[in-house]
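S.K.: Supplied in C-alpha cells, the structure appears directly below.
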Amino acid sequence: MAGNGVILSTRYEYQPEAILGKGAFGQVFLASVIKPRGPITGSEVELEPGTKVAIKMVPYDTATMSEKEQSRASNEVRVMRRLNHPNVVRHFDSAIWQKHLYIVMEYIDGHDLSTILETKRRAHEVIPEDQIWRWLVQICLALHNMHSRNILHRDLKPANIMVTKAGDIKVANMGLGRILKQETMARTQCGTPLYQAPEIISGQAYDSKVDVWAIGACLYEMCFLRAPFVPRNNTQMALYRQILDKDIRFPRHITHVSEGLKNLITSMLTKAPDRRPRLDDVFQYPMMKRYLVALTPPKDQSAV
C-alpha cells in the first residue's frame with residue numbers, strides 16, 4: 001500500500017475500508033475505487049469511482065520466492081482472467097507491488113455457504129429442497145463454464161461458494177484451479193480432504209469429474225447439514241478410508257429430501273470416475289432440466 005493507505009495498480013487507485021478475512025494466503029480487504037490511473041481499453045472492465053471491490057493481498061517477493069512459488073501465488077489470477085460467468089466471482093484487476101500480489105475482484109455482499117449451513121445446524125433448521133435445486137443448478141453452471149475452458153476448480157467446498165443477498169451463487173477461490181491442455185489429466189494432490197474425490201486421494205490421474213464429486217459432497221451437506229463422510233475418530237487417514245471404501249448413506253430420520261435428489265447425490269458420489277457423470281449428464285436429470293429452464297436466460301440454455 002502507499003503511505004496514505006491507498007492501494008495502487010497500473011489501472012486504478014483503491015481505498016481499503018475493512019478487512020474481510022485473514023488466512024495463510026494473506027488478507028482480503030473491502031475497498032472502494034478512487035479513480036482510474038490511465039485510459040481503460042475496450043477489453044477491460046471499467047470501474048466507476050465508489051465501486052466496492054474485494055482485494056486479496058498475497059505475499060509475493062521475487063527475490064526470495066522460487067519460480068514455482070511465484071507461479072503458484074499468481075495462479076488464481078491466470079485462472080480468473082479466463083472466466084466470465086454470472087455464477088463465478090469476477091476478476092477486475094491485479095498488480096504486483098511492494099512484495100505483494102494484489103488481486104482485485106468482485107465484492108460479494110452475502111455469506112459463504114459454509115456459514116449458512118452452520119447457521120442452519122445451530123438452529124436445527126433445514127434448507128428447502130426448492131432452494132437446494134436452485135443453488136445446485138447455479139453451482140453446476142459455474143463449474144460447467146470452467147470445464148468448457150479446460151479449467152478444474154479442485155477445491156470446491158461450501159466455504160468457496162458465496163451466496164449473495166439476492167440468493168444467487170458465486171463460486172470463489174480459484175487458487176487451486178488448474179488449466180489443462182486439451183485431452184490431458186492432472187495428478188497433483190490438492191484440495192480439502194472432506195471434498196476430495198477418491199482418485200485424488202489414491203494418487204491417480206484425474207479430470208473434471210473430481211469437481212463433480214465435490215459438488216456431490218456439497219449437495220449432500222446442503223441436504224443433511226453434514227459432510228457425506230465423517231469418521232468417528234476424526235483423523236484424515238480414517239476419512240480417506242471412508243471415501244475410498246464406504247458406500248454413501250443417507251440419514252433415516254430425515255424425510256424432507258426427495259428420492260430424485262438422493263439419486264443424484266449417489267450418482268455424483270460414485271467412487272469410480274469412469275462411472276461418475278460429467279456435468280453434461282447431470283443437466284439431463286429431469287429436475288435439473290426444470291430448474292435450468294427456470295433460472296437460465298433462453299439465449300444461454302444452449303450452452304449446456
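Residues in the C-alpha cells are named by chain (A, B, ... in the order shown) and by number from 1 within that chain; ligands are numbered from 1 in the order shown.
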Output as a Markdown table one row per residue of segment 97-209 of chain A within 10 Å of segment 51-66 of chain A: the closest atom pair and its distance in Å to one decimal place, counting only C-alpha atoms, sorted by chain and residue number ascending.

M.R.:
```
| residue | atom | partner | partner_atom | distance |
| --- | --- | --- | --- | --- |
| A:Trp97 | CA | A:Tyr60 | CA | 8.4 |
| A:Gln98 | CA | A:Asp61 | CA | 8.3 |
| A:Lys99 | CA | A:Asp61 | CA | 4.7 |
| A:His100 | CA | A:Tyr60 | CA | 4.4 |
| A:Leu101 | CA | A:Val58 | CA | 5.0 |
| A:Tyr102 | CA | A:Met57 | CA | 4.7 |
| A:Ile103 | CA | A:Lys56 | CA | 5.1 |
| A:Val104 | CA | A:Ile55 | CA | 4.5 |
| A:Met105 | CA | A:Ala54 | CA | 5.3 |
| A:Glu106 | CA | A:Val53 | CA | 5.3 |
| A:Tyr107 | CA | A:Val53 | CA | 4.6 |
| A:Ile108 | CA | A:Ala54 | CA | 8.0 |
| A:Asp109 | CA | A:Lys52 | CA | 9.6 |
```

S.K.: So that I can check the secondary structure, give me every residue of segment 173-297 of chain A assigned helix (DSSP H, G or I) by backbone DSSP, as a tab-separated table (two decimals) with N, CA and C atoms, in the first residue's frame.

M.R.:
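Result went into result-v8.tsv, see below:
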```
chain	number	residue	atom	x	y	z
A	193	PRO	N	-9.71	-32.24	2.26
A	193	PRO	CA	-9.99	-33.68	2.38
A	193	PRO	C	-11.46	-34.07	2.37
A	194	LEU	N	-12.33	-33.34	3.07
A	194	LEU	CA	-13.75	-33.72	3.14
A	194	LEU	C	-14.41	-33.77	1.77
A	195	TYR	N	-13.85	-33.06	0.80
A	195	TYR	CA	-14.49	-32.94	-0.51
A	195	TYR	C	-13.63	-33.50	-1.64
A	198	PRO	N	-12.08	-39.79	-4.71
A	198	PRO	CA	-11.22	-40.95	-4.46
A	198	PRO	C	-9.97	-40.98	-5.33
A	199	GLU	N	-10.09	-40.57	-6.59
A	199	GLU	CA	-8.92	-40.65	-7.48
A	199	GLU	C	-7.82	-39.68	-7.08
A	200	ILE	N	-8.17	-38.56	-6.45
A	200	ILE	CA	-7.14	-37.65	-5.94
A	200	ILE	C	-6.44	-38.30	-4.75
A	201	ILE	N	-7.23	-38.86	-3.84
A	201	ILE	CA	-6.68	-39.49	-2.64
A	201	ILE	C	-5.74	-40.63	-2.99
A	209	LYS	N	-14.09	-34.64	-13.45
A	209	LYS	CA	-15.02	-35.38	-12.60
A	209	LYS	C	-14.70	-35.25	-11.12
A	210	VAL	N	-13.49	-34.78	-10.78
A	210	VAL	CA	-13.21	-34.51	-9.36
A	210	VAL	C	-14.08	-33.36	-8.86
A	211	ASP	N	-14.38	-32.40	-9.73
A	211	ASP	CA	-15.27	-31.31	-9.35
A	211	ASP	C	-16.71	-31.79	-9.22
A	212	VAL	N	-17.10	-32.77	-10.04
A	212	VAL	CA	-18.44	-33.35	-9.92
A	212	VAL	C	-18.59	-34.02	-8.56
A	213	TRP	N	-17.56	-34.76	-8.14
A	213	TRP	CA	-17.58	-35.38	-6.80
A	213	TRP	C	-17.74	-34.29	-5.73
A	214	ALA	N	-16.97	-33.22	-5.84
A	214	ALA	CA	-17.03	-32.16	-4.83
A	214	ALA	C	-18.41	-31.51	-4.80
A	215	ILE	N	-19.02	-31.32	-5.96
A	215	ILE	CA	-20.39	-30.79	-5.99
A	215	ILE	C	-21.33	-31.75	-5.27
A	216	GLY	N	-21.16	-33.06	-5.52
A	216	GLY	CA	-21.99	-34.05	-4.85
A	216	GLY	C	-21.83	-34.01	-3.34
A	217	ALA	N	-20.59	-33.82	-2.87
A	217	ALA	CA	-20.35	-33.73	-1.43
A	217	ALA	C	-21.00	-32.47	-0.85
A	218	CYS	N	-20.91	-31.35	-1.57
A	218	CYS	CA	-21.57	-30.12	-1.13
A	218	CYS	C	-23.09	-30.28	-1.14
A	219	LEU	N	-23.60	-30.97	-2.16
A	219	LEU	CA	-25.04	-31.20	-2.26
A	219	LEU	C	-25.53	-32.04	-1.08
A	220	TYR	N	-24.79	-33.08	-0.74
A	220	TYR	CA	-25.14	-33.91	0.43
A	220	TYR	C	-25.22	-33.03	1.68
A	221	GLU	N	-24.23	-32.16	1.83
A	221	GLU	CA	-24.19	-31.31	3.03
A	221	GLU	C	-25.33	-30.30	3.04
A	222	MET	N	-25.72	-29.79	1.88
A	222	MET	CA	-26.87	-28.89	1.82
A	222	MET	C	-28.15	-29.60	2.25
A	223	CYS	N	-28.25	-30.88	1.91
A	223	CYS	CA	-29.46	-31.64	2.23
A	223	CYS	C	-29.50	-32.08	3.69
A	224	PHE	N	-28.35	-32.52	4.21
A	224	PHE	CA	-28.34	-33.18	5.53
A	224	PHE	C	-27.52	-32.43	6.58
A	236	GLN	N	-7.52	-37.82	9.38
A	236	GLN	CA	-7.54	-37.73	7.93
A	236	GLN	C	-7.43	-39.10	7.29
A	237	MET	N	-6.63	-39.98	7.89
A	237	MET	CA	-6.49	-41.33	7.33
A	237	MET	C	-7.82	-42.08	7.38
A	238	ALA	N	-8.55	-41.95	8.49
A	238	ALA	CA	-9.85	-42.61	8.61
A	238	ALA	C	-10.84	-42.02	7.61
A	239	LEU	N	-10.76	-40.70	7.40
A	239	LEU	CA	-11.63	-40.05	6.42
A	239	LEU	C	-11.33	-40.59	5.03
A	240	TYR	N	-10.06	-40.70	4.68
A	240	TYR	CA	-9.70	-41.21	3.36
A	240	TYR	C	-10.17	-42.65	3.17
A	241	ARG	N	-10.09	-43.45	4.22
A	241	ARG	CA	-10.56	-44.84	4.11
A	241	ARG	C	-12.06	-44.88	3.82
A	242	GLN	N	-12.81	-44.00	4.49
A	242	GLN	CA	-14.26	-43.95	4.24
A	242	GLN	C	-14.56	-43.53	2.81
A	243	ILE	N	-13.87	-42.49	2.34
A	243	ILE	CA	-14.11	-42.01	0.98
A	243	ILE	C	-13.79	-43.09	-0.04
A	244	LEU	N	-12.73	-43.85	0.20
A	244	LEU	CA	-12.30	-44.87	-0.75
A	244	LEU	C	-13.15	-46.14	-0.68
A	245	ASP	N	-13.64	-46.49	0.53
A	245	ASP	CA	-14.22	-47.82	0.71
A	245	ASP	C	-15.69	-47.85	1.13
A	259	GLU	N	-36.37	-38.63	-3.29
A	259	GLU	CA	-35.58	-39.73	-3.84
A	259	GLU	C	-34.79	-39.28	-5.07
A	260	GLY	N	-35.37	-38.36	-5.85
A	260	GLY	CA	-34.66	-37.86	-7.02
A	260	GLY	C	-33.37	-37.16	-6.65
A	261	LEU	N	-33.41	-36.37	-5.57
A	261	LEU	CA	-32.21	-35.67	-5.12
A	261	LEU	C	-31.20	-36.66	-4.55
A	262	LYS	N	-31.68	-37.65	-3.80
A	262	LYS	CA	-30.78	-38.68	-3.27
A	262	LYS	C	-30.11	-39.45	-4.40
A	263	ASN	N	-30.86	-39.76	-5.44
A	263	ASN	CA	-30.30	-40.50	-6.58
A	263	ASN	C	-29.20	-39.69	-7.27
A	264	LEU	N	-29.41	-38.39	-7.38
A	264	LEU	CA	-28.40	-37.54	-8.00
A	264	LEU	C	-27.14	-37.49	-7.14
A	265	ILE	N	-27.31	-37.37	-5.82
A	265	ILE	CA	-26.16	-37.38	-4.91
A	265	ILE	C	-25.38	-38.68	-5.07
A	266	THR	N	-26.09	-39.80	-5.07
A	266	THR	CA	-25.44	-41.11	-5.21
A	266	THR	C	-24.65	-41.18	-6.51
A	267	SER	N	-25.22	-40.67	-7.58
A	267	SER	CA	-24.55	-40.69	-8.87
A	267	SER	C	-23.28	-39.84	-8.86
A	268	MET	N	-23.37	-38.64	-8.30
A	268	MET	CA	-22.22	-37.74	-8.28
A	268	MET	C	-21.12	-38.23	-7.35
A	279	LEU	N	-20.84	-33.09	-15.97
A	279	LEU	CA	-21.91	-32.12	-15.75
A	279	LEU	C	-22.91	-32.11	-16.90
A	280	ASP	N	-22.48	-32.41	-18.11
A	280	ASP	CA	-23.44	-32.52	-19.22
A	280	ASP	C	-24.49	-33.58	-18.91
A	281	ASP	N	-24.06	-34.67	-18.26
A	281	ASP	CA	-25.00	-35.73	-17.88
A	281	ASP	C	-25.90	-35.28	-16.73
A	282	VAL	N	-25.32	-34.57	-15.78
A	282	VAL	CA	-26.09	-34.08	-14.63
A	282	VAL	C	-27.23	-33.18	-15.09
A	286	PRO	N	-34.19	-34.87	-14.85
A	286	PRO	CA	-35.44	-34.11	-15.05
A	286	PRO	C	-35.56	-32.86	-14.20
A	287	MET	N	-35.21	-32.95	-12.90
A	287	MET	CA	-35.34	-31.77	-12.04
A	287	MET	C	-34.29	-30.72	-12.40
A	288	MET	N	-33.12	-31.16	-12.82
A	288	MET	CA	-32.11	-30.19	-13.26
A	288	MET	C	-32.61	-29.44	-14.48
A	289	LYS	N	-33.22	-30.17	-15.42
A	289	LYS	CA	-33.77	-29.51	-16.61
A	289	LYS	C	-34.83	-28.48	-16.23
A	290	ARG	N	-35.68	-28.86	-15.29
A	290	ARG	CA	-36.76	-27.96	-14.87
A	290	ARG	C	-36.20	-26.67	-14.28
A	291	TYR	N	-35.24	-26.79	-13.38
A	291	TYR	CA	-34.70	-25.59	-12.74
A	291	TYR	C	-33.77	-24.83	-13.67
A	292	LEU	N	-33.13	-25.52	-14.58
A	292	LEU	CA	-32.29	-24.86	-15.57
A	292	LEU	C	-33.12	-23.93	-16.44
A	293	VAL	N	-34.27	-24.40	-16.86
A	293	VAL	CA	-35.18	-23.58	-17.67
A	293	VAL	C	-35.66	-22.38	-16.87
A	294	ALA	N	-35.92	-22.59	-15.58
A	294	ALA	CA	-36.44	-21.50	-14.73
A	294	ALA	C	-35.39	-20.44	-14.45
A	295	LEU	N	-34.10	-20.85	-14.38
A	295	LEU	CA	-33.06	-19.93	-13.94
A	295	LEU	C	-32.20	-19.36	-15.05
```

S.K.: Taking the DSSP secondary structure from the backbone, can you list the residues of segment 75-272 of chain A that are strand (DSSP E), as a ChimeraX atom specification?

M.R.: /A:91-97,100-106,110-112,151-152,161-164,169-171,178-179

S.K.: Those selected residues, please, written with N, CA and C atoms and delivered as an mmCIF file, in the first residue's frame.

M.R.:
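Dumped everything to out-v6.cif:
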```cif
data_model
loop_
_atom_site.group_PDB
_atom_site.id
_atom_site.type_symbol
_atom_site.label_atom_id
_atom_site.label_comp_id
_atom_site.auth_asym_id
_atom_site.auth_seq_id
_atom_site.Cartn_x
_atom_site.Cartn_y
_atom_site.Cartn_z
ATOM 1 N N HIS A 91 -12.887 -11.377 -11.855
ATOM 2 C CA HIS A 91 -11.606 -10.693 -11.698
ATOM 3 C C HIS A 91 -11.670 -9.340 -12.398
ATOM 4 N N PHE A 92 -11.219 -8.282 -11.708
ATOM 5 C CA PHE A 92 -11.215 -6.945 -12.290
ATOM 6 C C PHE A 92 -9.815 -6.439 -12.610
ATOM 7 N N ASP A 93 -8.874 -6.717 -11.720
ATOM 8 C CA ASP A 93 -7.581 -6.043 -11.815
ATOM 9 C C ASP A 93 -6.580 -6.819 -10.966
ATOM 10 N N SER A 94 -5.304 -6.632 -11.215
ATOM 11 C CA SER A 94 -4.273 -7.235 -10.368
ATOM 12 C C SER A 94 -2.978 -6.453 -10.539
ATOM 13 N N ALA A 95 -2.133 -6.541 -9.529
ATOM 14 C CA ALA A 95 -0.859 -5.832 -9.581
ATOM 15 C C ALA A 95 0.113 -6.468 -8.605
ATOM 16 N N ILE A 96 1.396 -6.433 -8.946
ATOM 17 C CA ILE A 96 2.460 -6.837 -8.029
ATOM 18 C C ILE A 96 3.144 -5.552 -7.578
ATOM 19 N N TRP A 97 3.124 -5.335 -6.275
ATOM 20 C CA TRP A 97 3.593 -4.052 -5.756
ATOM 21 C C TRP A 97 4.029 -4.229 -4.308
ATOM 22 N N HIS A 100 3.999 -7.742 -2.703
ATOM 23 C CA HIS A 100 2.690 -8.384 -2.565
ATOM 24 C C HIS A 100 1.997 -8.433 -3.925
ATOM 25 N N LEU A 101 1.209 -9.481 -4.098
ATOM 26 C CA LEU A 101 0.324 -9.585 -5.249
ATOM 27 C C LEU A 101 -1.067 -9.156 -4.806
ATOM 28 N N TYR A 102 -1.640 -8.195 -5.504
ATOM 29 C CA TYR A 102 -2.986 -7.712 -5.207
ATOM 30 C C TYR A 102 -3.932 -8.212 -6.294
ATOM 31 N N ILE A 103 -4.972 -8.932 -5.886
ATOM 32 C CA ILE A 103 -5.976 -9.445 -6.816
ATOM 33 C C ILE A 103 -7.290 -8.729 -6.524
ATOM 34 N N VAL A 104 -7.735 -7.925 -7.464
ATOM 35 C CA VAL A 104 -8.962 -7.139 -7.293
ATOM 36 C C VAL A 104 -10.107 -7.887 -7.955
ATOM 37 N N MET A 105 -11.152 -8.148 -7.190
ATOM 38 C CA MET A 105 -12.259 -8.940 -7.717
ATOM 39 C C MET A 105 -13.598 -8.397 -7.237
ATOM 40 N N GLU A 106 -14.625 -8.979 -7.790
ATOM 41 C CA GLU A 106 -15.999 -8.621 -7.451
ATOM 42 C C GLU A 106 -16.244 -8.809 -5.952
ATOM 43 N N GLY A 110 -22.778 -10.838 0.928
ATOM 44 C CA GLY A 110 -23.563 -12.008 1.322
ATOM 45 C C GLY A 110 -22.753 -12.880 2.258
ATOM 46 N N HIS A 111 -22.981 -14.179 2.201
ATOM 47 C CA HIS A 111 -22.287 -15.125 3.077
ATOM 48 C C HIS A 111 -21.822 -16.325 2.267
ATOM 49 N N ASP A 112 -20.777 -16.980 2.766
ATOM 50 C CA ASP A 112 -20.401 -18.231 2.113
ATOM 51 C C ASP A 112 -21.347 -19.337 2.573
ATOM 52 N N ILE A 151 -10.639 -25.834 -17.402
ATOM 53 C CA ILE A 151 -10.206 -25.411 -16.076
ATOM 54 C C ILE A 151 -10.886 -26.277 -15.027
ATOM 55 N N LEU A 152 -10.097 -26.815 -14.107
ATOM 56 C CA LEU A 152 -10.624 -27.537 -12.953
ATOM 57 C C LEU A 152 -10.555 -26.608 -11.743
ATOM 58 N N ILE A 161 -18.095 -21.220 -1.846
ATOM 59 C CA ILE A 161 -19.323 -20.935 -2.586
ATOM 60 C C ILE A 161 -20.029 -19.782 -1.878
ATOM 61 N N MET A 162 -20.091 -18.636 -2.525
ATOM 62 C CA MET A 162 -20.727 -17.465 -1.941
ATOM 63 C C MET A 162 -22.198 -17.412 -2.345
ATOM 64 N N VAL A 163 -23.021 -16.932 -1.420
ATOM 65 C CA VAL A 163 -24.442 -16.721 -1.697
ATOM 66 C C VAL A 163 -24.732 -15.241 -1.479
ATOM 67 N N THR A 164 -25.165 -14.567 -2.531
ATOM 68 C CA THR A 164 -25.447 -13.134 -2.433
ATOM 69 C C THR A 164 -26.720 -12.893 -1.624
ATOM 70 N N ILE A 169 -25.712 -17.686 -6.519
ATOM 71 C CA ILE A 169 -24.442 -18.350 -6.238
ATOM 72 C C ILE A 169 -23.296 -17.662 -6.966
ATOM 73 N N LYS A 170 -22.157 -17.547 -6.270
ATOM 74 C CA LYS A 170 -20.912 -17.080 -6.867
ATOM 75 C C LYS A 170 -19.792 -18.012 -6.394
ATOM 76 N N VAL A 171 -19.245 -18.787 -7.300
ATOM 77 C CA VAL A 171 -18.140 -19.680 -6.954
ATOM 78 C C VAL A 171 -16.863 -18.851 -6.856
ATOM 79 N N ARG A 178 -6.814 -25.315 -12.013
ATOM 80 C CA ARG A 178 -5.805 -25.870 -12.919
ATOM 81 C C ARG A 178 -6.305 -25.755 -14.350
ATOM 82 N N ILE A 179 -5.478 -25.132 -15.200
ATOM 83 C CA ILE A 179 -5.785 -25.049 -16.621
ATOM 84 C C ILE A 179 -5.137 -26.243 -17.307
#
```

S.K.: Nearest to Pro158 of chain A among A:Asp130, A:Ser71, A:Thr192, A:Ala142, with distances taken over only C-alpha atoms: which residue is it?

M.R.: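 Of A:Asp130, A:Ser71, A:Thr192, A:Ala142, the one nearest Pro158 of chain A is A:Thr192, counting only C-alpha atoms.
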
S.K.: Name the closest residue to His144 of chain A among the candidates A:Asn87, A:Gln204, A:Thr270, A:Asn234; distances are taken between atoms, counting only C-alpha atoms.

M.R.: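 Once distances to His144 of chain A are computed over only C-alpha atoms, the minimum belongs to A:Asn87.
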